[in-house]
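Engineer: One file: structure.pdb (PDB, C-alpha atoms, pLDDT in the B column).
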MODEL        1
ATOM      1  CA  MET A   1      47.726  17.980 -84.295  1.00 97.00           C
ATOM      2  CA  LYS A   2      45.580  16.143 -81.807  1.00 97.00           C
ATOM      3  CA  ALA A   3      41.996  14.986 -82.038  1.00 98.00           C
ATOM      4  CA  ILE A   4      39.477  13.131 -79.942  1.00 98.00           C
ATOM      5  CA  ILE A   5      37.096  11.273 -82.247  1.00 98.00           C
ATOM      6  CA  GLN A   6      33.780  10.115 -80.824  1.00 98.00           C
ATOM      7  CA  ARG A   7      31.241   7.994 -82.600  1.00 98.00           C
ATOM      8  CA  VAL A   8      27.867   9.581 -81.889  1.00 98.00           C
ATOM      9  CA  THR A   9      24.163   9.113 -82.441  1.00 98.00           C
ATOM     10  CA  GLU A  10      23.829  12.900 -82.278  1.00 98.00           C
ATOM     11  CA  ALA A  11      25.842  15.976 -81.301  1.00 98.00           C
ATOM     12  CA  THR A  12      25.131  19.690 -81.026  1.00 98.00           C
ATOM     13  CA  VAL A  13      26.979  22.947 -80.369  1.00 98.00           C
ATOM     14  CA  THR A  14      25.311  25.958 -78.790  1.00 97.00           C
ATOM     15  CA  VAL A  15      26.732  29.427 -78.104  1.00 97.00           C
ATOM     16  CA  ASP A  16      24.931  31.833 -75.762  1.00 96.00           C
ATOM     17  CA  GLY A  17      21.926  29.540 -75.812  1.00 95.00           C
ATOM     18  CA  ASN A  18      21.710  29.547 -79.620  1.00 97.00           C
ATOM     19  CA  LEU A  19      22.079  26.367 -81.643  1.00 98.00           C
ATOM     20  CA  VAL A  20      25.090  26.699 -83.957  1.00 96.00           C
ATOM     21  CA  SER A  21      25.515  23.202 -85.404  1.00 97.00           C
ATOM     22  CA  SER A  22      23.988  19.775 -85.057  1.00 98.00           C
ATOM     23  CA  ILE A  23      24.438  16.335 -86.579  1.00 98.00           C
ATOM     24  CA  GLY A  24      22.733  12.984 -86.370  1.00 97.00           C
ATOM     25  CA  LYS A  25      24.670   9.744 -86.579  1.00 98.00           C
ATOM     26  CA  GLY A  26      28.345  10.259 -87.336  1.00 98.00           C
ATOM     27  CA  LEU A  27      31.476  11.616 -85.659  1.00 98.00           C
ATOM     28  CA  CYS A  28      32.114  14.467 -83.250  1.00 98.00           C
ATOM     29  CA  VAL A  29      35.761  15.503 -83.458  1.00 98.00           C
ATOM     30  CA  LEU A  30      37.508  17.714 -80.914  1.00 98.00           C
ATOM     31  CA  VAL A  31      40.460  19.296 -82.735  1.00 98.00           C
ATOM     32  CA  GLY A  32      43.601  20.650 -81.067  1.00 97.00           C
ATOM     33  CA  ILE A  33      46.236  22.597 -83.034  1.00 97.00           C
ATOM     34  CA  GLY A  34      49.798  22.673 -81.719  1.00 96.00           C
ATOM     35  CA  ARG A  35      52.172  25.600 -82.179  1.00 94.00           C
ATOM     36  CA  LYS A  36      54.450  23.512 -84.431  1.00 94.00           C
ATOM     37  CA  ASP A  37      51.711  22.012 -86.582  1.00 96.00           C
ATOM     38  CA  ALA A  38      51.873  22.405 -90.353  1.00 95.00           C
ATOM     39  CA  ALA A  39      49.841  21.457 -93.430  1.00 94.00           C
ATOM     40  CA  LYS A  40      51.147  17.893 -93.359  1.00 95.00           C
ATOM     41  CA  ASP A  41      49.663  17.378 -89.890  1.00 96.00           C
ATOM     42  CA  ALA A  42      46.249  18.588 -91.039  1.00 96.00           C
ATOM     43  CA  ASP A  43      46.422  16.435 -94.163  1.00 95.00           C
ATOM     44  CA  TRP A  44      47.221  13.320 -92.104  1.00 96.00           C
ATOM     45  CA  LEU A  45      44.481  13.995 -89.575  1.00 97.00           C
ATOM     46  CA  VAL A  46      41.811  14.686 -92.186  1.00 97.00           C
ATOM     47  CA  LYS A  47      42.525  11.385 -93.949  1.00 97.00           C
ATOM     48  CA  LYS A  48      42.398   9.488 -90.648  1.00 97.00           C
ATOM     49  CA  ILE A  49      39.110  11.042 -89.550  1.00 98.00           C
ATOM     50  CA  ILE A  50      37.398  10.317 -92.841  1.00 97.00           C
ATOM     51  CA  ASN A  51      38.755   6.797 -93.304  1.00 97.00           C
ATOM     52  CA  LEU A  52      38.727   5.315 -89.774  1.00 97.00           C
ATOM     53  CA  ARG A  53      36.476   2.264 -89.762  1.00 98.00           C
ATOM     54  CA  LEU A  54      34.377   2.948 -86.686  1.00 98.00           C
ATOM     55  CA  PHE A  55      30.996   1.760 -87.944  1.00 97.00           C
ATOM     56  CA  ASP A  56      29.395  -1.608 -88.588  1.00 96.00           C
ATOM     57  CA  GLY A  57      28.857  -2.798 -92.125  1.00 94.00           C
ATOM     58  CA  ASP A  58      25.406  -3.444 -93.561  1.00 92.00           C
ATOM     59  CA  ASP A  59      26.021  -7.152 -92.928  1.00 92.00           C
ATOM     60  CA  GLY A  60      26.674  -6.480 -89.233  1.00 91.00           C
ATOM     61  CA  LYS A  61      30.452  -6.836 -89.483  1.00 95.00           C
ATOM     62  CA  ARG A  62      32.064  -4.784 -86.698  1.00 95.00           C
ATOM     63  CA  TRP A  63      34.566  -1.974 -87.355  1.00 96.00           C
ATOM     64  CA  ASP A  64      34.068  -2.275 -91.082  1.00 96.00           C
ATOM     65  CA  LYS A  65      32.920   1.091 -92.467  1.00 97.00           C
ATOM     66  CA  SER A  66      34.116   4.699 -92.285  1.00 98.00           C
ATOM     67  CA  VAL A  67      32.000   7.819 -91.816  1.00 98.00           C
ATOM     68  CA  LYS A  68      32.438   8.433 -95.544  1.00 97.00           C
ATOM     69  CA  ASP A  69      31.325   4.887 -96.419  1.00 97.00           C
ATOM     70  CA  LYS A  70      28.161   5.396 -94.378  1.00 97.00           C
ATOM     71  CA  ASN A  71      27.544   8.915 -95.696  1.00 97.00           C
ATOM     72  CA  TYR A  72      27.290  10.217 -92.122  1.00 98.00           C
ATOM     73  CA  GLU A  73      28.086  13.703 -90.835  1.00 98.00           C
ATOM     74  CA  VAL A  74      31.122  15.050 -88.958  1.00 98.00           C
ATOM     75  CA  LEU A  75      30.931  17.819 -86.352  1.00 98.00           C
ATOM     76  CA  CYS A  76      34.304  19.474 -85.702  1.00 98.00           C
ATOM     77  CA  VAL A  77      34.909  21.515 -82.557  1.00 97.00           C
ATOM     78  CA  SER A  78      38.100  23.485 -81.896  1.00 96.00           C
ATOM     79  CA  GLN A  79      39.701  22.385 -78.611  1.00 94.00           C
ATOM     80  CA  PHE A  80      42.989  24.119 -77.741  1.00 95.00           C
ATOM     81  CA  THR A  81      43.044  22.419 -74.317  1.00 95.00           C
ATOM     82  CA  LEU A  82      44.083  19.147 -75.986  1.00 96.00           C
ATOM     83  CA  HIS A  83      47.641  20.507 -75.923  1.00 96.00           C
ATOM     84  CA  THR A  84      47.570  21.165 -72.180  1.00 95.00           C
ATOM     85  CA  ILE A  85      50.585  20.404 -70.036  1.00 94.00           C
ATOM     86  CA  LEU A  86      50.319  20.524 -66.259  1.00 95.00           C
ATOM     87  CA  LYS A  87      52.439  22.677 -64.001  1.00 94.00           C
ATOM     88  CA  GLY A  88      51.495  21.169 -60.703  1.00 95.00           C
ATOM     89  CA  ASN A  89      47.726  21.270 -60.789  1.00 96.00           C
ATOM     90  CA  LYS A  90      47.492  24.248 -63.148  1.00 96.00           C
ATOM     91  CA  PRO A  91      46.981  23.690 -66.886  1.00 96.00           C
ATOM     92  CA  ASP A  92      49.404  25.411 -69.238  1.00 95.00           C
ATOM     93  CA  PHE A  93      48.472  25.971 -72.888  1.00 95.00           C
ATOM     94  CA  HIS A  94      51.678  27.363 -74.426  1.00 93.00           C
ATOM     95  CA  ASN A  95      51.986  24.283 -76.683  1.00 95.00           C
ATOM     96  CA  SER A  96      48.775  25.291 -78.453  1.00 96.00           C
ATOM     97  CA  MET A  97      49.015  27.428 -81.593  1.00 96.00           C
ATOM     98  CA  GLY A  98      48.686  31.139 -80.844  1.00 93.00           C
ATOM     99  CA  PRO A  99      45.508  33.186 -81.376  1.00 92.00           C
ATOM    100  CA  ASP A 100      46.850  34.979 -84.472  1.00 92.00           C
ATOM    101  CA  GLU A 101      47.642  31.829 -86.473  1.00 95.00           C
ATOM    102  CA  ALA A 102      45.235  29.247 -85.078  1.00 96.00           C
ATOM    103  CA  PRO A 103      41.970  30.619 -86.613  1.00 96.00           C
ATOM    104  CA  ILE A 104      43.513  30.595 -90.106  1.00 96.00           C
ATOM    105  CA  PHE A 105      44.888  27.097 -89.637  1.00 97.00           C
ATOM    106  CA  TYR A 106      41.627  25.766 -88.250  1.00 97.00           C
ATOM    107  CA  ASP A 107      39.566  27.312 -91.053  1.00 97.00           C
ATOM    108  CA  ASN A 108      41.830  25.673 -93.631  1.00 97.00           C
ATOM    109  CA  PHE A 109      41.524  22.373 -91.779  1.00 97.00           C
ATOM    110  CA  ILE A 110      37.730  22.611 -92.101  1.00 97.00           C
ATOM    111  CA  GLN A 111      38.032  23.414 -95.811  1.00 97.00           C
ATOM    112  CA  LEU A 112      40.316  20.410 -96.264  1.00 97.00           C
ATOM    113  CA  MET A 113      37.754  18.211 -94.516  1.00 97.00           C
ATOM    114  CA  LYS A 114      35.089  19.421 -96.939  1.00 97.00           C
ATOM    115  CA  GLN A 115      37.327  18.904 -99.967  1.00 96.00           C
ATOM    116  CA  ASN A 116      38.140  15.337 -98.933  1.00 96.00           C
ATOM    117  CA  TYR A 117      34.562  14.404 -98.047  1.00 97.00           C
ATOM    118  CA  SER A 118      31.507  16.584 -98.742  1.00 96.00           C
ATOM    119  CA  GLU A 119      30.688  20.239 -98.159  1.00 95.00           C
ATOM    120  CA  ASP A 120      27.310  19.531 -96.577  1.00 96.00           C
ATOM    121  CA  LYS A 121      28.548  16.679 -94.345  1.00 98.00           C
ATOM    122  CA  ILE A 122      31.089  18.748 -92.375  1.00 98.00           C
ATOM    123  CA  LYS A 123      29.682  20.872 -89.564  1.00 98.00           C
ATOM    124  CA  ASN A 124      31.563  23.228 -87.288  1.00 96.00           C
ATOM    125  CA  GLY A 125      31.399  25.063 -83.983  1.00 95.00           C
ATOM    126  CA  VAL A 126      32.564  28.651 -83.447  1.00 95.00           C
ATOM    127  CA  PHE A 127      36.298  29.031 -83.110  1.00 94.00           C
ATOM    128  CA  GLY A 128      37.323  30.760 -79.879  1.00 89.00           C
ATOM    129  CA  ALA A 129      33.781  30.967 -78.505  1.00 93.00           C
ATOM    130  CA  MET A 130      32.551  29.604 -75.191  1.00 95.00           C
ATOM    131  CA  MET A 131      30.633  26.627 -76.544  1.00 97.00           C
ATOM    132  CA  GLN A 132      28.338  24.087 -74.955  1.00 97.00           C
ATOM    133  CA  VAL A 133      28.885  20.773 -76.727  1.00 97.00           C
ATOM    134  CA  HIS A 134      26.354  17.987 -76.307  1.00 98.00           C
ATOM    135  CA  ILE A 135      27.733  14.608 -77.380  1.00 97.00           C
ATOM    136  CA  GLN A 136      25.673  11.421 -77.296  1.00 98.00           C
ATOM    137  CA  ASN A 137      28.475   8.893 -77.586  1.00 98.00           C
ATOM    138  CA  ASP A 138      27.514   5.678 -79.351  1.00 97.00           C
ATOM    139  CA  GLY A 139      29.142   2.664 -77.736  1.00 96.00           C
ATOM    140  CA  PRO A 140      30.890   4.476 -76.212  1.00 97.00           C
ATOM    141  CA  VAL A 141      33.567   4.720 -78.892  1.00 98.00           C
ATOM    142  CA  THR A 142      36.321   7.299 -78.358  1.00 98.00           C
ATOM    143  CA  ILE A 143      39.564   7.356 -80.368  1.00 98.00           C
ATOM    144  CA  PRO A 144      42.462   9.719 -79.544  1.00 98.00           C
ATOM    145  CA  LEU A 145      44.708  10.664 -82.459  1.00 97.00           C
ATOM    146  CA  GLU A 146      47.960  12.619 -82.739  1.00 97.00           C
ATOM    147  CA  SER A 147      49.815  13.324 -85.971  1.00 96.00           C
ATOM    148  CA  PRO A 148      53.236  11.624 -85.992  1.00 95.00           C
ATOM    149  CA  GLU A 149      56.530  13.392 -86.487  1.00 89.00           C
ATOM    150  CA  ASN A 150      58.475  13.293 -89.795  1.00 86.00           C
ATOM    151  CA  LEU A 151      55.386  13.213 -91.995  1.00 88.00           C
ATOM    152  CA  PRO A 152      55.883  13.681 -95.763  1.00 84.00           C
ATOM    153  CA  GLU A 153      54.683  16.966 -97.206  1.00 79.00           C
ATOM    154  CA  PRO A 154      51.146  16.787 -98.694  1.00 67.00           C
ATOM    155  CA  LYS A 155      50.003  18.375-101.943  1.00 61.00           C
ATOM    156  CA  VAL A 156      48.973  21.545-100.158  1.00 47.00           C
ATOM    157  CA  ARG A 157      52.651  22.259 -99.550  1.00 44.00           C
ATOM    158  CA  LYS A 158      53.214  22.305-103.322  1.00 44.00           C
ATOM    159  CA  TYR A 159      50.541  24.981-103.490  1.00 40.00           C
ATOM    160  CA  GLN A 160      52.373  26.989-100.847  1.00 43.00           C
ATOM    161  CA  ASP A 161      55.698  26.631-102.656  1.00 42.00           C
ATOM    162  CA  CYS A 162      54.046  27.722-105.887  1.00 40.00           C
ATOM    163  CA  LYS A 163      52.535  30.712-104.107  1.00 38.00           C
ATOM    164  CA  ILE A 164      55.870  31.687-102.588  1.00 31.00           C
ATOM    165  CA  THR A 165      57.983  31.338-105.739  1.00 36.00           C
ATOM    166  CA  SER A 166      55.365  33.147-107.826  1.00 35.00           C
ATOM    167  CA  ARG A 167      55.130  36.195-105.557  1.00 34.00           C
ATOM    168  CA  ASN A 168      57.516  38.225-107.746  1.00 38.00           C
ATOM    169  CA  GLN A 169      56.222  37.071-111.129  1.00 41.00           C
ATOM    170  CA  SER A 170      54.206  39.347-113.405  1.00 38.00           C
ATOM    171  CA  SER A 171      50.461  38.839-113.742  1.00 37.00           C
ATOM    172  CA  SER A 172      50.874  37.524-117.303  1.00 38.00           C
ATOM    173  CA  SER A 173      53.461  35.030-116.106  1.00 38.00           C
ATOM    174  CA  LEU A 174      51.159  33.897-113.327  1.00 37.00           C
ATOM    175  CA  ALA A 175      48.279  33.435-115.741  1.00 37.00           C
ATOM    176  CA  SER A 176      50.380  31.131-117.893  1.00 37.00           C
ATOM    177  CA  ASN A 177      51.707  29.124-114.963  1.00 41.00           C
ATOM    178  CA  GLN A 178      49.598  25.965-115.245  1.00 38.00           C
ATOM    179  CA  SER A 179      51.201  24.240-112.275  1.00 36.00           C
ATOM    180  CA  CYS A 180      50.129  27.075-109.981  1.00 39.00           C
ATOM    181  CA  SER A 181      46.591  27.310-111.297  1.00 36.00           C
ATOM    182  CA  SER A 182      46.087  23.553-111.050  1.00 33.00           C
ATOM    183  CA  LEU A 183      46.776  23.725-107.319  1.00 35.00           C
ATOM    184  CA  ASN A 184      44.752  26.881-106.778  1.00 41.00           C
ATOM    185  CA  SER A 185      41.922  25.037-105.040  1.00 43.00           C
ATOM    186  CA  GLU A 186      44.144  23.658-102.270  1.00 47.00           C
ATOM    187  CA  PRO A 187      44.019  25.520 -98.939  1.00 49.00           C
ATOM    188  CA  ALA A 188      47.171  27.223 -97.709  1.00 49.00           C
ATOM    189  CA  PHE A 189      48.127  26.660 -94.090  1.00 59.00           C
ATOM    190  CA  LYS A 190      50.419  29.663 -93.726  1.00 50.00           C
ATOM    191  CA  SER A 191      49.429  33.264 -93.243  1.00 41.00           C
ATOM    192  CA  ASP A 192      50.750  36.008 -95.562  1.00 39.00           C
ATOM    193  CA  THR A 193      53.151  36.986 -92.796  1.00 37.00           C
ATOM    194  CA  ALA A 194      54.694  33.543 -92.833  1.00 40.00           C
ATOM    195  CA  VAL A 195      54.973  33.599 -96.619  1.00 36.00           C
ATOM    196  CA  GLU A 196      56.630  37.024 -96.575  1.00 38.00           C
ATOM    197  CA  THR A 197      59.097  35.800 -93.972  1.00 36.00           C
ATOM    198  CA  GLN A 198      60.078  32.935 -96.236  1.00 40.00           C
ATOM    199  CA  ASP A 199      60.402  35.320 -99.189  1.00 42.00           C
ATOM    200  CA  SER A 200      62.727  37.537 -97.158  1.00 41.00           C
ATOM    201  CA  ALA A 201      64.828  34.557 -96.151  1.00 42.00           C
ATOM    202  CA  LYS A 202      65.239  33.562 -99.808  1.00 42.00           C
ATOM    203  CA  ASP A 203      66.263  37.076-100.820  1.00 46.00           C
ATOM    204  CA  SER A 204      68.865  37.403 -98.043  1.00 41.00           C
TER     205      SER A 204
ENDMDL
END
Can I see the file as C-alpha coordinates?
Structural biologist:
Amino acid sequence: MKAIIQRVTEATVTVDGNLVSSIGKGLCVLVGIGRKDAAKDADWLVKKIINLRLFDGDDGKRWDKSVKDKNYEVLCVSQFTLHTILKGNKPDFHNSMGPDEAPIFYDNFIQLMKQNYSEDKIKNGVFGAMMQVHIQNDGPVTIPLESPENLPEPKVRKYQDCKITSRNQSSSSLASNQSCSSLNSEPAFKSDTAVETQDSAKDS
(Lines of atoms letter the chains of each structure in order from A and count residues from 1; the text may use other names and numbers.)
(Lines give C-alpha, C1' and ligand atoms only; values in the text may rest on other atoms or scores of the structure.)
Protein backbone atom coordinates (compact mmCIF):
# COMPACT_ATOMS: atom_id res chain seq x y z
CA MET A 1 0.00 0.00 0.00
CA LYS A 2 1.00 3.59 -0.57
CA ALA A 3 -0.07 6.74 1.20
CA ILE A 4 0.64 10.44 1.08
CA ILE A 5 0.21 11.89 4.56
CA GLN A 6 -0.26 15.64 4.89
CA ARG A 7 -0.41 17.56 8.10
CA VAL A 8 -3.30 20.01 7.72
CA THR A 9 -5.06 22.85 9.47
CA GLU A 10 -8.22 21.80 7.62
CA ALA A 11 -9.32 19.55 4.76
CA THR A 12 -12.59 18.89 2.95
CA VAL A 13 -14.02 16.55 0.32
CA THR A 14 -16.88 17.54 -1.95
CA VAL A 15 -18.70 15.47 -4.59
CA ASP A 16 -20.95 17.15 -7.17
CA GLY A 17 -20.74 20.35 -5.16
CA ASN A 18 -21.91 18.67 -1.95
CA LEU A 19 -19.73 18.56 1.15
CA VAL A 20 -19.01 14.93 2.05
CA SER A 21 -16.39 15.17 4.80
CA SER A 22 -14.38 17.81 6.59
CA ILE A 23 -11.81 17.97 9.37
CA GLY A 24 -10.00 20.66 11.29
CA LYS A 25 -6.43 20.20 12.45
CA GLY A 26 -5.07 16.73 11.78
CA LEU A 27 -4.02 14.56 8.84
CA CYS A 28 -5.29 14.18 5.30
CA VAL A 29 -4.22 10.81 3.93
CA LEU A 30 -4.34 9.85 0.26
CA VAL A 31 -4.52 6.04 0.16
CA GLY A 32 -3.46 3.86 -2.77
CA ILE A 33 -4.14 0.10 -2.83
CA GLY A 34 -1.93 -2.11 -4.98
CA ARG A 35 -3.11 -5.29 -6.68
CA LYS A 36 -0.84 -7.43 -4.46
CA ASP A 37 -1.71 -5.75 -1.17
CA ALA A 38 -2.97 -7.86 1.72
CA ALA A 39 -4.15 -7.39 5.31
CA LYS A 40 -0.58 -7.09 6.58
CA ASP A 41 -0.02 -4.03 4.38
CA ALA A 42 -3.13 -2.33 5.73
CA ASP A 43 -2.17 -3.19 9.30
CA TRP A 44 1.30 -1.68 8.86
CA LEU A 45 -0.01 1.47 7.22
CA VAL A 46 -2.71 2.07 9.82
CA LYS A 47 -0.18 1.85 12.66
CA LYS A 48 2.17 4.25 10.86
CA ILE A 49 -0.53 6.83 10.15
CA ILE A 50 -1.77 6.85 13.72
CA ASN A 51 1.64 6.84 15.40
CA LEU A 52 3.77 9.12 13.19
CA ARG A 53 5.00 12.03 15.29
CA LEU A 54 4.18 14.94 13.01
CA PHE A 55 2.96 17.45 15.59
CA ASP A 56 4.62 19.64 18.20
CA GLY A 57 4.31 18.79 21.85
CA ASP A 58 2.57 21.06 24.35
CA ASP A 59 6.04 22.24 25.42
CA GLY A 60 6.86 23.27 21.84
CA LYS A 61 9.11 20.28 21.14
CA ARG A 62 9.10 19.61 17.38
CA TRP A 63 8.02 16.27 15.86
CA ASP A 64 6.97 14.97 19.24
CA LYS A 65 3.29 13.97 19.11
CA SER A 66 1.10 11.79 16.89
CA VAL A 67 -2.40 12.55 15.62
CA LYS A 68 -3.67 10.17 18.29
CA ASP A 69 -1.68 11.92 21.03
CA LYS A 70 -3.22 15.24 20.00
CA ASN A 71 -6.73 13.80 19.59
CA TYR A 72 -6.92 15.26 16.08
CA GLU A 73 -8.92 13.98 13.11
CA VAL A 74 -7.85 11.98 10.04
CA LEU A 75 -9.45 12.39 6.61
CA CYS A 76 -8.78 9.42 4.31
CA VAL A 77 -9.22 9.72 0.55
CA SER A 78 -8.90 6.79 -1.86
CA GLN A 79 -6.26 7.51 -4.52
CA PHE A 80 -5.64 4.69 -7.02
CA THR A 81 -3.32 6.93 -9.06
CA LEU A 82 -0.61 6.50 -6.41
CA HIS A 83 0.23 3.21 -8.13
CA THR A 84 0.70 4.84 -11.53
CA ILE A 85 3.51 3.77 -13.81
CA LEU A 86 4.31 5.77 -16.93
CA LYS A 87 4.35 4.40 -20.44
CA GLY A 88 5.95 7.30 -22.19
CA ASN A 89 3.82 10.21 -21.08
CA LYS A 90 0.68 8.16 -20.48
CA PRO A 91 -0.18 6.96 -16.97
CA ASP A 92 -0.90 3.26 -16.53
CA PHE A 93 -2.85 2.02 -13.50
CA HIS A 94 -2.66 -1.78 -13.81
CA ASN A 95 -0.66 -1.99 -10.56
CA SER A 96 -3.67 -0.67 -8.65
CA MET A 97 -6.11 -3.17 -7.13
CA GLY A 98 -9.04 -3.91 -9.43
CA PRO A 99 -12.52 -2.40 -9.06
CA ASP A 100 -14.08 -5.62 -7.73
CA GLU A 101 -11.69 -6.07 -4.79
CA ALA A 102 -10.54 -2.53 -4.02
CA PRO A 103 -13.81 -1.19 -2.47
CA ILE A 104 -13.92 -4.11 0.00
CA PHE A 105 -10.26 -3.69 0.89
CA TYR A 106 -10.57 0.06 1.31
CA ASP A 107 -13.68 -0.23 3.49
CA ASN A 108 -11.86 -2.68 5.76
CA PHE A 109 -8.89 -0.33 5.89
CA ILE A 110 -11.20 2.44 7.13
CA GLN A 111 -12.70 0.11 9.74
CA LEU A 112 -9.20 -0.83 10.90
CA MET A 113 -8.34 2.86 11.23
CA LYS A 114 -11.40 3.36 13.43
CA GLN A 115 -10.62 0.30 15.55
CA ASN A 116 -7.05 1.46 16.16
CA TYR A 117 -7.98 5.08 16.90
CA SER A 118 -11.55 6.36 17.31
CA GLU A 119 -14.75 5.96 15.32
CA ASP A 120 -15.56 9.66 15.31
CA LYS A 121 -12.01 10.81 14.47
CA ILE A 122 -11.76 8.99 11.11
CA LYS A 123 -13.44 10.70 8.17
CA ASN A 124 -13.68 9.45 4.61
CA GLY A 125 -14.33 10.51 1.04
CA VAL A 126 -16.42 8.53 -1.46
CA PHE A 127 -14.63 5.59 -2.99
CA GLY A 128 -14.57 5.71 -6.79
CA ALA A 129 -16.26 9.12 -7.02
CA MET A 130 -14.92 12.20 -8.76
CA MET A 131 -13.95 14.16 -5.66
CA GLN A 132 -12.72 17.68 -5.11
CA VAL A 133 -10.26 17.60 -2.21
CA HIS A 134 -9.28 20.84 -0.50
CA ILE A 135 -6.14 20.46 1.61
CA GLN A 136 -4.68 23.30 3.66
CA ASN A 137 -1.24 21.87 4.31
CA ASP A 138 0.33 22.95 7.58
CA GLY A 139 4.05 23.55 7.22
CA PRO A 140 3.96 22.24 4.59
CA VAL A 141 4.46 18.72 5.92
CA THR A 142 4.03 15.85 3.46
CA ILE A 143 5.17 12.28 4.17
CA PRO A 144 5.07 9.51 1.52
CA LEU A 145 4.72 5.97 2.84
CA GLU A 146 4.83 2.54 1.21
CA SER A 147 4.38 -0.77 3.02
CA PRO A 148 7.56 -2.87 2.87
CA GLU A 149 7.78 -6.37 1.49
CA ASN A 150 8.00 -9.48 3.72
CA LEU A 151 5.80 -8.07 6.47
CA PRO A 152 4.66 -10.47 9.23
CA GLU A 153 1.00 -11.42 9.20
CA PRO A 154 -1.16 -9.27 11.54
CA LYS A 155 -3.94 -10.52 13.80
CA VAL A 156 -6.53 -10.00 11.10
CA ARG A 157 -4.96 -12.89 9.20
CA LYS A 158 -5.73 -15.18 12.15
CA TYR A 159 -9.34 -14.12 11.77
CA GLN A 160 -9.24 -15.03 8.09
CA ASP A 161 -7.66 -18.42 8.81
CA CYS A 162 -10.31 -19.08 11.44
CA LYS A 163 -13.01 -18.11 8.97
CA ILE A 164 -11.59 -20.37 6.29
CA THR A 165 -11.04 -23.45 8.46
CA SER A 166 -14.46 -23.05 10.08
CA ARG A 167 -16.40 -22.88 6.81
CA ASN A 168 -17.33 -26.58 6.97
CA GLN A 169 -18.04 -26.78 10.70
CA SER A 170 -21.56 -27.12 12.08
CA SER A 171 -23.26 -24.12 13.67
CA SER A 172 -22.96 -25.70 17.14
CA SER A 173 -19.26 -26.25 16.60
CA LEU A 174 -18.82 -22.66 15.49
CA ALA A 175 -20.66 -21.38 18.55
CA SER A 176 -18.29 -23.25 20.83
CA ASN A 177 -15.17 -22.14 18.98
CA GLN A 178 -13.86 -19.45 21.33
CA SER A 179 -10.81 -18.64 19.23
CA CYS A 180 -13.02 -17.72 16.28
CA SER A 181 -15.46 -15.64 18.27
CA SER A 182 -12.67 -13.74 20.01
CA LEU A 183 -11.41 -12.54 16.63
CA ASN A 184 -14.87 -11.82 15.25
CA SER A 185 -14.44 -8.06 15.51
CA GLU A 186 -11.38 -7.97 13.23
CA PRO A 187 -12.02 -6.94 9.61
CA ALA A 188 -11.35 -9.46 6.87
CA PHE A 189 -9.40 -8.26 3.86
CA LYS A 190 -10.47 -11.00 1.46
CA SER A 191 -13.74 -11.30 -0.37
CA ASP A 192 -15.85 -14.48 -0.14
CA THR A 193 -14.59 -15.40 -3.59
CA ALA A 194 -11.02 -15.38 -2.36
CA VAL A 195 -11.96 -17.46 0.68
CA GLU A 196 -13.79 -20.01 -1.47
CA THR A 197 -10.77 -20.26 -3.76
CA GLN A 198 -8.58 -21.08 -0.79
CA ASP A 199 -11.12 -23.65 0.43
CA SER A 200 -11.08 -25.32 -2.99
CA ALA A 201 -7.30 -25.41 -3.00
CA LYS A 202 -7.29 -27.14 0.39
CA ASP A 203 -9.82 -29.74 -0.74
CA SER A 204 -7.93 -30.57 -3.95
Engineer: Out of A:Lys25, A:Lys2, A:His94, A:His134, which residue has the shortest atom-to-atom distance to Tyr72 in chain A when counting all atoms listed in the file?
Structural biologist: A:Lys25
Engineer: Evaluating the PyMOL selection byres ((chain A and resi 44-48) around 10) on the displayed file yields which residues, as a PyMOL selection string?
Structural biologist: chain A and resi 1-3+31+39-43+49-53+66+109-110+112-117+145-148+151-154
Engineer: When the PyMOL selection byres ((chain A and resi 82) around 10) is applied to the structure above, which residues does it catch, written out as a short mmCIF file (atom, residue, chain, number, x, y, z; two decimals) with C-alpha atoms, in the frame of the given file?
Structural biologist:
data_model
loop_
_atom_site.label_atom_id
_atom_site.label_comp_id
_atom_site.auth_asym_id
_atom_site.auth_seq_id
_atom_site.Cartn_x
_atom_site.Cartn_y
_atom_site.Cartn_z
CA MET A 1 47.73 17.98 -84.30
CA LYS A 2 45.58 16.14 -81.81
CA ALA A 3 42.00 14.99 -82.04
CA ILE A 4 39.48 13.13 -79.94
CA LEU A 30 37.51 17.71 -80.91
CA VAL A 31 40.46 19.30 -82.74
CA GLY A 32 43.60 20.65 -81.07
CA ILE A 33 46.24 22.60 -83.03
CA GLY A 34 49.80 22.67 -81.72
CA SER A 78 38.10 23.48 -81.90
CA GLN A 79 39.70 22.38 -78.61
CA PHE A 80 42.99 24.12 -77.74
CA THR A 81 43.04 22.42 -74.32
CA HIS A 83 47.64 20.51 -75.92
CA THR A 84 47.57 21.16 -72.18
CA ILE A 85 50.58 20.40 -70.04
CA PHE A 93 48.47 25.97 -72.89
CA ASN A 95 51.99 24.28 -76.68
CA SER A 96 48.78 25.29 -78.45
#
Engineer: Selection in question (the file shown): the PyMOL selection byres ((chain A and resi 19) around 12). Which residues does it include, as JSON, numbers by chain?
Structural biologist: {"A": [11, 12, 13, 14, 15, 16, 17, 18, 20, 21, 22, 23, 124, 125, 126, 131, 132, 133, 134]}
Engineer: Keeping only C-alpha atoms, write the selected residues to a file as a PDB file, in the frame of the given file.
Structural biologist:
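Final file, part-v2.pdb:
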ATOM      1  CA  ALA A  11      25.842  15.976 -81.301  1.00 98.00           C
ATOM      2  CA  THR A  12      25.131  19.690 -81.026  1.00 98.00           C
ATOM      3  CA  VAL A  13      26.979  22.947 -80.369  1.00 98.00           C
ATOM      4  CA  THR A  14      25.311  25.958 -78.790  1.00 97.00           C
ATOM      5  CA  VAL A  15      26.732  29.427 -78.104  1.00 97.00           C
ATOM      6  CA  ASP A  16      24.931  31.833 -75.762  1.00 96.00           C
ATOM      7  CA  GLY A  17      21.926  29.540 -75.812  1.00 95.00           C
ATOM      8  CA  ASN A  18      21.710  29.547 -79.620  1.00 97.00           C
ATOM      9  CA  VAL A  20      25.090  26.699 -83.957  1.00 96.00           C
ATOM     10  CA  SER A  21      25.515  23.202 -85.404  1.00 97.00           C
ATOM     11  CA  SER A  22      23.988  19.775 -85.057  1.00 98.00           C
ATOM     12  CA  ILE A  23      24.438  16.335 -86.579  1.00 98.00           C
ATOM     13  CA  ASN A 124      31.563  23.228 -87.288  1.00 96.00           C
ATOM     14  CA  GLY A 125      31.399  25.063 -83.983  1.00 95.00           C
ATOM     15  CA  VAL A 126      32.564  28.651 -83.447  1.00 95.00           C
ATOM     16  CA  MET A 131      30.633  26.627 -76.544  1.00 97.00           C
ATOM     17  CA  GLN A 132      28.338  24.087 -74.955  1.00 97.00           C
ATOM     18  CA  VAL A 133      28.885  20.773 -76.727  1.00 97.00           C
ATOM     19  CA  HIS A 134      26.354  17.987 -76.307  1.00 98.00           C
TER      20      HIS A 134
END
Engineer: Would you pick out the contacts of Ile122 in chain A at 7 Å or less, using all atoms listed in the file, so that residues sharing its chain but fewer than 3 positions from it are not included, and give the list as a VMD selection string?
Structural biologist: chain A and resid 73 to 75 114 118 to 119
